[in-house]
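Reproduced below: start-v2.csv, with CSV, N, CA and C atoms.
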chain,number,residue,atom,x,y,z
I,181,GLN,N,25.6,-19.6,19.9
I,181,GLN,CA,25.7,-20.2,18.5
I,181,GLN,C,24.4,-19.9,17.8
I,182,VAL,N,24.6,-19.6,16.5
I,182,VAL,CA,23.4,-19.3,15.6
I,182,VAL,C,23.6,-20.1,14.3
I,183,GLN,N,22.5,-20.8,14.0
I,183,GLN,CA,22.5,-21.4,12.6
I,183,GLN,C,21.5,-20.6,11.7
I,184,LEU,N,22.0,-20.3,10.5
I,184,LEU,CA,21.3,-19.5,9.6
I,184,LEU,C,21.1,-20.3,8.3
I,185,VAL,N,19.9,-20.3,7.8
I,185,VAL,CA,19.6,-21.0,6.6
I,185,VAL,C,18.8,-20.1,5.6
I,186,GLU,N,19.4,-19.8,4.5
I,186,GLU,CA,18.8,-18.9,3.5
I,186,GLU,C,17.9,-19.7,2.5
I,187,SER,N,16.9,-19.0,2.0
I,187,SER,CA,16.1,-19.6,0.9
I,187,SER,C,15.6,-18.5,0.1
I,188,GLY,N,15.0,-18.8,-1.1
I,188,GLY,CA,14.4,-17.8,-1.9
I,188,GLY,C,15.1,-17.3,-3.1
I,189,GLY,N,16.4,-17.8,-3.3
I,189,GLY,CA,17.2,-17.4,-4.4
I,189,GLY,C,16.6,-18.0,-5.7
I,190,GLY,N,17.2,-17.6,-6.8
I,190,GLY,CA,16.7,-18.2,-8.1
I,190,GLY,C,17.1,-17.3,-9.3
I,191,LEU,N,16.5,-17.6,-10.4
I,191,LEU,CA,16.8,-16.9,-11.6
I,191,LEU,C,15.6,-16.0,-11.9
I,192,VAL,N,15.9,-14.7,-12.2
I,192,VAL,CA,14.9,-13.7,-12.5
I,192,VAL,C,15.4,-12.8,-13.6
I,193,GLN,N,14.5,-12.2,-14.4
I,193,GLN,CA,14.9,-11.3,-15.4
I,193,GLN,C,15.1,-9.9,-14.8
I,194,THR,N,15.9,-9.1,-15.6
I,194,THR,CA,16.1,-7.7,-15.2
I,194,THR,C,14.8,-7.0,-15.0
I,195,GLY,N,14.7,-6.3,-13.9
I,195,GLY,CA,13.5,-5.6,-13.5
I,195,GLY,C,12.6,-6.4,-12.6
I,196,GLY,N,12.9,-7.7,-12.4
I,196,GLY,CA,12.0,-8.5,-11.6
I,196,GLY,C,12.3,-8.4,-10.1
I,197,SER,N,11.6,-9.3,-9.4
I,197,SER,CA,11.7,-9.2,-7.9
I,197,SER,C,11.9,-10.6,-7.4
I,198,LEU,N,12.6,-10.6,-6.2
I,198,LEU,CA,12.8,-11.9,-5.4
I,198,LEU,C,12.7,-11.5,-4.0
I,199,ARG,N,12.3,-12.5,-3.2
I,199,ARG,CA,12.3,-12.3,-1.7
I,199,ARG,C,13.1,-13.4,-1.1
I,200,LEU,N,14.2,-13.0,-0.5
I,200,LEU,CA,15.0,-13.9,0.3
I,200,LEU,C,14.5,-14.0,1.7
I,201,SER,N,14.7,-15.2,2.2
I,201,SER,CA,14.3,-15.5,3.6
I,201,SER,C,15.5,-16.1,4.3
I,202,CYS,N,15.6,-15.9,5.6
I,202,CYS,CA,16.7,-16.5,6.4
I,202,CYS,C,16.0,-17.0,7.7
I,203,ALA,N,16.1,-18.3,8.0
I,203,ALA,CA,15.6,-18.9,9.2
I,203,ALA,C,16.8,-19.0,10.2
I,204,ALA,N,16.6,-18.5,11.4
I,204,ALA,CA,17.6,-18.5,12.4
I,204,ALA,C,17.3,-19.5,13.5
I,205,SER,N,18.2,-20.3,13.9
I,205,SER,CA,18.1,-21.1,15.1
I,205,SER,C,19.2,-20.7,16.1
I,206,THR,N,18.8,-20.4,17.3
I,206,THR,CA,19.7,-19.9,18.3
I,206,THR,C,19.3,-20.3,19.7
I,207,GLU,N,20.3,-20.6,20.5
I,207,GLU,CA,20.1,-20.9,21.9
I,207,GLU,C,19.7,-19.6,22.7
I,208,ARG,N,20.2,-18.5,22.2
I,208,ARG,CA,19.8,-17.2,22.8
I,208,ARG,C,18.6,-16.7,22.1
I,209,THR,N,17.9,-15.7,22.6
I,209,THR,CA,16.8,-15.2,21.9
I,209,THR,C,17.2,-14.5,20.6
I,210,PHE,N,16.3,-14.6,19.6
I,210,PHE,CA,16.6,-14.0,18.3
I,210,PHE,C,16.8,-12.5,18.4
I,211,VAL,N,16.1,-11.9,19.3
I,211,VAL,CA,16.3,-10.4,19.4
I,211,VAL,C,17.6,-10.0,20.0
I,212,SER,N,18.4,-11.0,20.4
I,212,SER,CA,19.8,-10.7,20.9
I,212,SER,C,20.7,-10.2,19.7
I,213,TYR,N,20.3,-10.5,18.5
I,213,TYR,CA,21.1,-10.3,17.4
I,213,TYR,C,20.6,-9.3,16.4
I,214,ALA,N,21.5,-8.5,15.9
I,214,ALA,CA,21.3,-7.7,14.7
I,214,ALA,C,21.4,-8.7,13.5
I,215,MET,N,20.7,-8.4,12.4
I,215,MET,CA,20.7,-9.4,11.3
I,215,MET,C,21.0,-8.6,10.0
I,216,GLY,N,21.5,-9.3,9.0
I,216,GLY,CA,21.7,-8.6,7.8
I,216,GLY,C,22.0,-9.5,6.6
I,217,TRP,N,22.3,-8.9,5.5
I,217,TRP,CA,22.6,-9.6,4.2
I,217,TRP,C,23.9,-9.1,3.6
I,218,PHE,N,24.7,-10.0,3.1
I,218,PHE,CA,25.9,-9.7,2.3
I,218,PHE,C,25.7,-10.5,1.0
I,219,ARG,N,26.6,-10.1,0.0
I,219,ARG,CA,26.6,-10.8,-1.2
I,219,ARG,C,28.0,-10.9,-1.8
I,220,GLN,N,28.2,-11.9,-2.6
I,220,GLN,CA,29.5,-12.1,-3.2
I,220,GLN,C,29.3,-12.6,-4.6
I,221,ALA,N,29.7,-11.7,-5.6
I,221,ALA,CA,29.7,-12.0,-7.0
I,221,ALA,C,30.9,-12.8,-7.4
I,222,PRO,N,30.9,-13.5,-8.5
I,222,PRO,CA,32.1,-14.2,-8.9
I,222,PRO,C,33.3,-13.3,-9.1
I,223,GLY,N,34.4,-13.7,-8.5
I,223,GLY,CA,35.6,-12.9,-8.7
I,223,GLY,C,35.7,-11.7,-7.9
I,224,LYS,N,34.7,-11.4,-7.0
I,224,LYS,CA,34.7,-10.2,-6.2
I,224,LYS,C,34.7,-10.6,-4.7
I,225,GLU,N,35.0,-9.6,-3.9
I,225,GLU,CA,34.9,-9.8,-2.5
I,225,GLU,C,33.5,-9.7,-2.0
I,226,ARG,N,33.2,-10.3,-0.8
I,226,ARG,CA,31.9,-10.3,-0.3
I,226,ARG,C,31.6,-8.8,0.2
I,227,GLU,N,30.4,-8.3,-0.1
I,227,GLU,CA,30.1,-7.0,0.2
I,227,GLU,C,28.8,-6.9,1.0
I,228,PHE,N,28.7,-5.8,1.8
I,228,PHE,CA,27.5,-5.5,2.6
I,228,PHE,C,26.4,-5.1,1.7
I,229,VAL,N,25.2,-5.7,2.1
I,229,VAL,CA,24.0,-5.3,1.3
I,229,VAL,C,23.0,-4.5,2.3
I,230,SER,N,22.7,-5.1,3.4
I,230,SER,CA,21.7,-4.5,4.3
I,230,SER,C,21.8,-5.1,5.7
I,231,ALA,N,21.3,-4.3,6.7
I,231,ALA,CA,21.3,-4.8,8.0
I,231,ALA,C,20.1,-4.2,8.8
I,232,VAL,N,19.7,-4.9,9.8
I,232,VAL,CA,18.6,-4.4,10.6
I,232,VAL,C,18.9,-4.6,12.1
I,233,SER,N,18.5,-3.7,12.9
I,233,SER,CA,18.8,-3.8,14.4
I,233,SER,C,17.9,-4.9,15.0
I,234,TRP,N,18.1,-5.2,16.2
I,234,TRP,CA,17.4,-6.3,16.8
I,234,TRP,C,15.9,-6.0,16.9
I,235,SER,N,15.5,-4.7,17.1
I,235,SER,CA,14.1,-4.3,17.2
I,235,SER,C,13.5,-4.1,15.8
I,236,GLY,N,14.3,-4.0,14.8
I,236,GLY,CA,13.7,-3.6,13.5
I,236,GLY,C,13.6,-2.2,13.3
I,237,ASP,N,13.9,-1.4,14.3
I,237,ASP,CA,13.7,0.1,14.2
I,237,ASP,C,14.8,0.8,13.3
I,238,TYR,N,15.9,0.2,13.2
I,238,TYR,CA,17.0,0.8,12.4
I,238,TYR,C,17.4,-0.1,11.3
I,239,THR,N,17.5,0.4,10.1
I,239,THR,CA,17.9,-0.3,8.9
I,239,THR,C,19.0,0.4,8.2
I,240,TYR,N,19.8,-0.4,7.5
I,240,TYR,CA,21.0,0.1,6.8
I,240,TYR,C,21.0,-0.6,5.4
I,241,TYR,N,21.5,0.2,4.4
I,241,TYR,CA,21.6,-0.3,3.1
I,241,TYR,C,22.8,0.2,2.4
I,242,SER,N,23.4,-0.6,1.5
I,242,SER,CA,24.5,-0.1,0.7
I,242,SER,C,23.9,0.8,-0.4
I,243,ASP,N,24.7,1.7,-0.9
I,243,ASP,CA,24.2,2.6,-1.9
I,243,ASP,C,23.8,1.9,-3.1
I,244,ALA,N,24.3,0.7,-3.4
I,244,ALA,CA,24.0,0.0,-4.6
I,244,ALA,C,22.6,-0.6,-4.6
I,245,VAL,N,22.0,-0.7,-3.4
I,245,VAL,CA,20.7,-1.3,-3.3
I,245,VAL,C,19.6,-0.4,-2.7
I,246,LYS,N,20.1,0.7,-2.2
I,246,LYS,CA,19.1,1.6,-1.5
I,246,LYS,C,18.0,2.1,-2.5
I,247,GLY,N,16.8,2.0,-2.0
I,247,GLY,CA,15.7,2.3,-2.8
I,247,GLY,C,15.1,1.2,-3.6
I,248,ARG,N,15.8,0.1,-3.7
I,248,ARG,CA,15.3,-1.1,-4.4
I,248,ARG,C,15.1,-2.3,-3.5
I,249,PHE,N,15.9,-2.4,-2.5
I,249,PHE,CA,15.8,-3.6,-1.5
I,249,PHE,C,15.2,-3.1,-0.2
I,250,THR,N,14.5,-4.0,0.4
I,250,THR,CA,13.9,-3.7,1.8
I,250,THR,C,14.2,-4.9,2.7
I,251,ILE,N,14.8,-4.6,3.8
I,251,ILE,CA,15.1,-5.6,4.8
I,251,ILE,C,14.0,-5.6,5.9
I,252,SER,N,13.7,-6.7,6.4
I,252,SER,CA,12.7,-6.8,7.5
I,252,SER,C,13.0,-8.1,8.3
I,253,ARG,N,12.4,-8.1,9.5
I,253,ARG,CA,12.6,-9.3,10.4
I,253,ARG,C,11.3,-9.5,11.1
I,254,ASP,N,11.0,-10.8,11.4
I,254,ASP,CA,9.9,-11.2,12.2
I,254,ASP,C,10.4,-11.9,13.4
I,255,ASN,N,10.4,-11.2,14.5
I,255,ASN,CA,11.0,-11.7,15.8
I,255,ASN,C,10.2,-12.8,16.4
I,256,THR,N,8.9,-12.9,16.0
I,256,THR,CA,8.1,-14.0,16.5
I,256,THR,C,8.3,-15.3,15.8
I,257,LYS,N,9.0,-15.2,14.6
I,257,LYS,CA,9.2,-16.4,13.8
I,257,LYS,C,10.7,-16.7,13.6
I,258,ASN,N,11.6,-15.9,14.2
I,258,ASN,CA,13.0,-16.0,14.0
I,258,ASN,C,13.4,-15.9,12.6
I,259,MET,N,12.8,-15.0,11.8
I,259,MET,CA,13.0,-14.9,10.4
I,259,MET,C,13.5,-13.5,10.0
I,260,LEU,N,14.4,-13.5,9.0
I,260,LEU,CA,14.9,-12.3,8.3
I,260,LEU,C,14.5,-12.4,6.9
I,261,TYR,N,14.2,-11.2,6.3
I,261,TYR,CA,13.8,-11.2,4.9
I,261,TYR,C,14.5,-10.1,4.1
I,262,LEU,N,14.6,-10.3,2.8
I,262,LEU,CA,15.2,-9.2,2.0
I,262,LEU,C,14.3,-9.2,0.7
I,263,GLN,N,13.5,-8.2,0.6
I,263,GLN,CA,12.7,-8.0,-0.6
I,263,GLN,C,13.5,-7.2,-1.6
I,264,MET,N,13.7,-7.8,-2.8
I,264,MET,CA,14.6,-7.2,-3.8
I,264,MET,C,13.7,-6.9,-5.0
I,265,ASN,N,13.6,-5.6,-5.3
I,265,ASN,CA,12.8,-5.2,-6.5
I,265,ASN,C,13.8,-4.5,-7.5
I,266,SER,N,13.3,-4.4,-8.7
I,266,SER,CA,14.0,-3.7,-9.8
I,266,SER,C,15.4,-4.3,-9.9
I,267,LEU,N,15.5,-5.6,-10.0
I,267,LEU,CA,16.8,-6.3,-10.0
I,267,LEU,C,17.5,-6.0,-11.3
I,268,LYS,N,18.8,-6.0,-11.1
I,268,LYS,CA,19.7,-5.7,-12.2
I,268,LYS,C,20.7,-6.8,-12.4
I,269,PRO,N,21.3,-7.0,-13.5
I,269,PRO,CA,22.3,-8.1,-13.7
I,269,PRO,C,23.5,-8.0,-12.7
I,270,GLU,N,23.8,-6.8,-12.3
I,270,GLU,CA,24.9,-6.6,-11.3
I,270,GLU,C,24.5,-7.0,-9.9
I,271,ASP,N,23.2,-7.4,-9.7
I,271,ASP,CA,22.8,-7.9,-8.4
I,271,ASP,C,23.1,-9.4,-8.3
I,272,THR,N,23.5,-10.0,-9.4
I,272,THR,CA,23.8,-11.4,-9.5
I,272,THR,C,24.9,-11.8,-8.5
I,273,ALA,N,24.7,-12.7,-7.6
I,273,ALA,CA,25.7,-13.0,-6.5
I,273,ALA,C,25.1,-14.1,-5.7
I,274,VAL,N,25.9,-14.7,-4.8
I,274,VAL,CA,25.5,-15.5,-3.7
I,274,VAL,C,25.2,-14.6,-2.5
I,275,TYR,N,24.0,-14.7,-2.0
I,275,TYR,CA,23.5,-13.8,-0.9
I,275,TYR,C,23.6,-14.6,0.4
I,276,TYR,N,24.3,-14.0,1.4
I,276,TYR,CA,24.5,-14.6,2.7
I,276,TYR,C,23.7,-13.9,3.8
I,277,CYS,N,23.1,-14.6,4.6
I,277,CYS,CA,22.5,-14.1,5.8
I,277,CYS,C,23.5,-14.0,6.9
I,278,ALA,N,23.4,-13.0,7.7
I,278,ALA,CA,24.4,-12.8,8.8
I,278,ALA,C,23.8,-12.4,10.1
I,279,ALA,N,24.4,-12.7,11.2
I,279,ALA,CA,23.9,-12.3,12.5
I,279,ALA,C,25.1,-11.8,13.4
I,280,GLY,N,24.8,-10.9,14.2
I,280,GLY,CA,25.9,-10.4,15.0
I,280,GLY,C,25.3,-9.6,16.2
I,281,VAL,N,26.1,-9.5,17.3
I,281,VAL,CA,25.7,-8.8,18.5
I,281,VAL,C,25.8,-7.3,18.4
I,282,SER,N,26.5,-6.8,17.4
I,282,SER,CA,26.8,-5.4,17.3
I,282,SER,C,26.6,-4.9,15.9
I,283,LEU,N,26.1,-3.6,15.8
I,283,LEU,CA,26.1,-2.9,14.6
I,283,LEU,C,26.7,-1.5,14.7
I,284,SER,N,27.3,-1.0,13.7
I,284,SER,CA,27.8,0.3,13.7
I,284,SER,C,26.5,1.2,13.7
I,285,PRO,N,26.4,2.2,14.5
I,285,PRO,CA,25.2,3.1,14.5
I,285,PRO,C,25.1,3.9,13.2
I,286,SER,N,26.2,4.1,12.5
I,286,SER,CA,26.2,4.9,11.3
I,286,SER,C,26.0,4.1,10.0
I,287,THR,N,26.6,2.9,10.0
I,287,THR,CA,26.6,2.2,8.7
I,287,THR,C,26.1,0.7,8.8
I,288,GLY,N,25.7,0.3,10.0
I,288,GLY,CA,25.4,-1.1,10.2
I,288,GLY,C,26.7,-1.9,10.1
I,289,TRP,N,26.8,-2.8,9.0
I,289,TRP,CA,28.0,-3.5,8.8
I,289,TRP,C,28.6,-3.0,7.5
I,290,GLY,N,28.3,-1.8,7.1
I,290,GLY,CA,28.8,-1.3,5.8
I,290,GLY,C,30.2,-0.7,5.9
I,291,ALA,N,30.5,0.1,4.9
I,291,ALA,CA,31.8,0.7,4.8
I,291,ALA,C,32.2,1.5,6.0
I,292,GLY,N,33.4,1.2,6.5
I,292,GLY,CA,33.8,2.0,7.7
I,292,GLY,C,33.4,1.4,9.0
I,293,SER,N,32.6,0.3,9.0
I,293,SER,CA,32.1,-0.3,10.2
I,293,SER,C,33.3,-1.0,10.9
I,294,LYS,N,33.4,-0.8,12.2
I,294,LYS,CA,34.5,-1.5,12.9
I,294,LYS,C,34.0,-2.8,13.5
I,295,VAL,N,32.7,-3.1,13.3
I,295,VAL,CA,32.2,-4.4,13.7
I,295,VAL,C,31.7,-5.2,12.5
I,296,GLN,N,31.7,-6.5,12.7
I,296,GLN,CA,31.2,-7.4,11.6
I,296,GLN,C,30.4,-8.5,12.2
I,297,PRO,N,29.6,-9.2,11.4
I,297,PRO,CA,28.8,-10.3,11.9
I,297,PRO,C,29.6,-11.4,12.6
I,298,ASP,N,28.9,-12.1,13.4
I,298,ASP,CA,29.6,-13.2,14.1
I,298,ASP,C,29.2,-14.5,13.5
I,299,TYR,N,28.1,-14.6,12.8
I,299,TYR,CA,27.6,-15.9,12.2
I,299,TYR,C,27.1,-15.6,10.8
I,300,TRP,N,27.3,-16.7,10.0
I,300,TRP,CA,27.0,-16.6,8.6
I,300,TRP,C,26.2,-17.9,8.2
I,301,GLY,N,25.3,-17.7,7.2
I,301,GLY,CA,24.6,-18.8,6.5
I,301,GLY,C,25.5,-19.3,5.4
I,302,GLN,N,24.9,-20.3,4.7
I,302,GLN,CA,25.6,-21.0,3.6
I,302,GLN,C,25.5,-20.2,2.3
I,303,GLY,N,24.5,-19.4,2.2
I,303,GLY,CA,24.3,-18.6,1.0
I,303,GLY,C,23.2,-19.2,0.1
I,304,THR,N,22.6,-18.3,-0.7
I,304,THR,CA,21.6,-18.7,-1.8
I,304,THR,C,21.9,-17.9,-3.0
I,305,GLN,N,21.9,-18.5,-4.2
I,305,GLN,CA,22.3,-17.9,-5.4
I,305,GLN,C,21.1,-17.1,-6.0
I,306,VAL,N,21.5,-15.9,-6.4
I,306,VAL,CA,20.5,-15.0,-7.1
I,306,VAL,C,21.2,-14.7,-8.4
I,307,THR,N,20.5,-15.0,-9.5
I,307,THR,CA,21.0,-14.7,-10.9
I,307,THR,C,19.9,-13.8,-11.6
I,308,VAL,N,20.4,-12.7,-12.1
I,308,VAL,CA,19.5,-11.8,-12.8
I,308,VAL,C,20.0,-11.8,-14.3
I,309,SER,N,19.1,-12.2,-15.1
I,309,SER,CA,19.4,-12.3,-16.6
I,309,SER,C,19.0,-11.0,-17.3
I,310,THR,N,19.7,-10.8,-18.4
I,310,THR,CA,19.4,-9.6,-19.2
I,310,THR,C,18.3,-9.9,-20.2
Would you kindly transcribe this structure into structure tokens?
Amino acid sequence: QVQLVESGGGLVQTGGSLRLSCAASTERTFVSYAMGWFRQAPGKEREFVSAVSWSGDYTYYSDAVKGRFTISRDNTKNMLYLQMNSLKPEDTAVYYCAAGVSLSPSTGWGAGSKVQPDYWGQGTQVTVST
């Protein structure tokens, strides 16, 4: 079982930056899990944003955020981060932290992945104003 708690969301202007954090509590070691972020905008399905392997050596991004967002993890603190730069109004969504035992080697948890996360956080709201 994994408990995930997100923080760092808020209101930011177009072009601004935010850093999301996710604190993980688990009976297993944190490095047992790949970690990632998803988001869900109003009226839309939840979509993959980014993922990172247990070691941090492999990272995955959706085309929508590639080059603007950076995922990282600190295995000594059981923490996951998402640095979001050059934010756009279309980035407005609830952002969810996720954990899972498997990642697709090609896409993480992105399009075409046959594996999905096993655990989810409650989400944090990110709003980008024009």
Inset, instruction - Select from chain I everything DSSP, run on the backbone, classes as helix (DSSP H, G or I), then give the selection as a ChimeraX atom specification. - result: /I:210-212,269-271
Legend entry - Residue set, chain I restricted to strand (DSSP E), as a ChimeraX atom specification: /I:182-187,190-193,198-206,214-220,227-232,239-241,249-254,259-264,273-280,299-300,304-309
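Shortest atom-to-atom contact with Phe249 in chain I among I:Asn265, I:Val229, I:Gln302, I:Gly236: I:Asn265, counting all atoms listed in the file.
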Inset, instruction - Would you list the contacts of Thr287 in chain I as a list in words, taking every protein, DNA or RNA residue within 7 Å and counting all atoms listed in the file, but skipping same-chain residues closer than 4 positions in sequence? - result: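 Everything that qualifies: Tyr240, Tyr241, Leu283, Ala291, Gly292 and Ser293 of chain I.
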Can I get the selection written as a PDB file, in the frame of the given file, with N, CA and C atoms?
ATOM      1  N   TYR I 240      19.800  -0.400   7.500  1.00  0.00           N
ATOM      2  CA  TYR I 240      21.000   0.100   6.800  1.00  0.00           C
ATOM      3  C   TYR I 240      21.000  -0.600   5.400  1.00  0.00           C
ATOM      4  N   TYR I 241      21.500   0.200   4.400  1.00  0.00           N
ATOM      5  CA  TYR I 241      21.600  -0.300   3.100  1.00  0.00           C
ATOM      6  C   TYR I 241      22.800   0.200   2.400  1.00  0.00           C
ATOM      7  N   LEU I 283      26.100  -3.600  15.800  1.00  0.00           N
ATOM      8  CA  LEU I 283      26.100  -2.900  14.600  1.00  0.00           C
ATOM      9  C   LEU I 283      26.700  -1.500  14.700  1.00  0.00           C
ATOM     10  N   ALA I 291      30.500   0.100   4.900  1.00  0.00           N
ATOM     11  CA  ALA I 291      31.800   0.700   4.800  1.00  0.00           C
ATOM     12  C   ALA I 291      32.200   1.500   6.000  1.00  0.00           C
ATOM     13  N   GLY I 292      33.400   1.200   6.500  1.00  0.00           N
ATOM     14  CA  GLY I 292      33.800   2.000   7.700  1.00  0.00           C
ATOM     15  C   GLY I 292      33.400   1.400   9.000  1.00  0.00           C
ATOM     16  N   SER I 293      32.600   0.300   9.000  1.00  0.00           N
ATOM     17  CA  SER I 293      32.100  -0.300  10.200  1.00  0.00           C
ATOM     18  C   SER I 293      33.300  -1.000  10.900  1.00  0.00           C
TER      19      SER I 293
END
Legend entry - Residue nearest Val306 in chain I among I:Ser242, I:Thr250, I:Ser187, I:Thr256 (counting only C-alpha atoms):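 Smallest separation from Val306 in chain I among the options: I:Ser187.
Taking atom N of Cys277 in chain I and atom C of Gln193 in chain I as the two end points, the separation is 21.5 Å.
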Inset, instruction - Could you check which of I:Val232, I:Val274, I:Met259, I:Ile251 is closest to Ala203 in chain I, using all atoms listed in the file? - result: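 The closest residue to Ala203 in chain I is I:Met259.
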Legend entry - Nearest to Thr239 in chain I, chosen from I:Gln263, I:Ala279, I:Ser201, I:Gly288, with only N, CA and C atoms counted in the distances: I:Gly288
Inset, instruction - To one decimal in Å, tell me the separation between CA of Asp254 in chain I and CA of Pro269 in chain I. - result: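 Spanning CA of Asp254 in chain I to CA of Pro269 in chain I is a straight-line distance of 28.9 Å.
Between atom C of Met264 in chain I and atom C of Met215 in chain I the separation is 16.8 Å.
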Legend entry - Best match for closeness to Gln305 in chain I among I:Phe228, I:Phe218, I:Trp289, I:Tyr213, counting only C-alpha atoms: I:Phe218
Inset, instruction - Go through I:Gln296, I:Asn258, I:Ser309, I:Ser284 one by one, measure the shortest atom-to-atom distance of each to Thr272 in chain I using all atoms listed in the file, and give the residue with the smallest value. - result: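 Closest to Thr272 in chain I, using all atoms listed in the file: I:Ser309.
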Inset, instruction - Could you give me, as JSON, numbers by chain, the residues within 8 Å of Ser205 in chain I, counting all atoms listed in the file and dropping anything in the same chain fewer than 3 positions from it? - result: {"I": [181, 182, 183, 184, 185, 202, 208, 209, 210, 258, 259]}
Inset, instruction - In the coordinates of the file, take the point (15.1, -14.4, -3.4) and a cut-off of 7 Å; then, counting only C-alpha atoms, name each qualifying protein, DNA or RNA residue as a ChimeraX atom specification. - result: /I:187-190,198-200,306
Only all heavy atoms, please: range 218-224 of chain I from the block, as a CSV table (one decimal), in the first residue's frame.
chain,number,residue,atom,x,y,z
I,218,PHE,N,-0.1,12.6,-13.5
I,218,PHE,CA,-1.2,12.7,-14.5
I,218,PHE,C,-1.9,14.0,-14.2
I,218,PHE,O,-1.7,14.6,-13.2
I,218,PHE,CB,-2.1,11.5,-14.3
I,218,PHE,CG,-1.6,10.2,-14.8
I,218,PHE,CD1,-0.5,9.5,-14.2
I,218,PHE,CD2,-2.1,9.6,-16.0
I,218,PHE,CE1,0.0,8.3,-14.7
I,218,PHE,CE2,-1.6,8.4,-16.5
I,218,PHE,CZ,-0.6,7.7,-15.8
I,219,ARG,N,-2.8,14.4,-15.1
I,219,ARG,CA,-3.6,15.5,-14.9
I,219,ARG,C,-4.9,15.3,-15.5
I,219,ARG,O,-5.1,14.6,-16.5
I,219,ARG,CB,-2.9,16.8,-15.5
I,219,ARG,CG,-2.8,16.8,-17.0
I,219,ARG,CD,-2.0,18.1,-17.4
I,219,ARG,NE,-1.9,18.2,-18.9
I,219,ARG,CZ,-1.1,19.1,-19.5
I,219,ARG,NH1,-0.4,20.0,-18.8
I,219,ARG,NH2,-1.1,19.2,-20.8
I,220,GLN,N,-5.9,16.1,-15.0
I,220,GLN,CA,-7.3,16.0,-15.5
I,220,GLN,C,-7.9,17.4,-15.5
I,220,GLN,O,-8.0,18.0,-14.5
I,220,GLN,CB,-8.2,15.1,-14.7
I,220,GLN,CG,-9.5,14.9,-15.3
I,220,GLN,CD,-10.3,13.7,-14.7
I,220,GLN,OE1,-10.0,13.3,-13.6
I,220,GLN,NE2,-11.3,13.2,-15.4
I,221,ALA,N,-8.2,17.9,-16.7
I,221,ALA,CA,-8.8,19.2,-16.9
I,221,ALA,C,-10.3,19.0,-16.9
I,221,ALA,O,-10.8,17.9,-17.1
I,221,ALA,CB,-8.4,19.8,-18.2
I,222,PRO,N,-11.0,20.1,-16.6
I,222,PRO,CA,-12.5,20.0,-16.5
I,222,PRO,C,-13.1,19.5,-17.8
I,222,PRO,O,-12.7,19.9,-18.9
I,222,PRO,CB,-12.9,21.4,-16.2
I,222,PRO,CG,-11.8,22.0,-15.6
I,222,PRO,CD,-10.5,21.4,-16.2
I,223,GLY,N,-13.9,18.5,-17.7
I,223,GLY,CA,-14.6,17.9,-18.9
I,223,GLY,C,-13.7,17.0,-19.7
I,223,GLY,O,-14.2,16.6,-20.8
I,224,LYS,N,-12.5,16.7,-19.3
I,224,LYS,CA,-11.6,15.9,-20.1
I,224,LYS,C,-11.2,14.6,-19.3
I,224,LYS,O,-11.3,14.6,-18.0
I,224,LYS,CB,-10.4,16.7,-20.5
I,224,LYS,CG,-10.7,17.8,-21.4
I,224,LYS,CD,-9.4,18.4,-22.0
I,224,LYS,CE,-9.7,19.5,-23.0
I,224,LYS,NZ,-8.5,20.1,-23.5
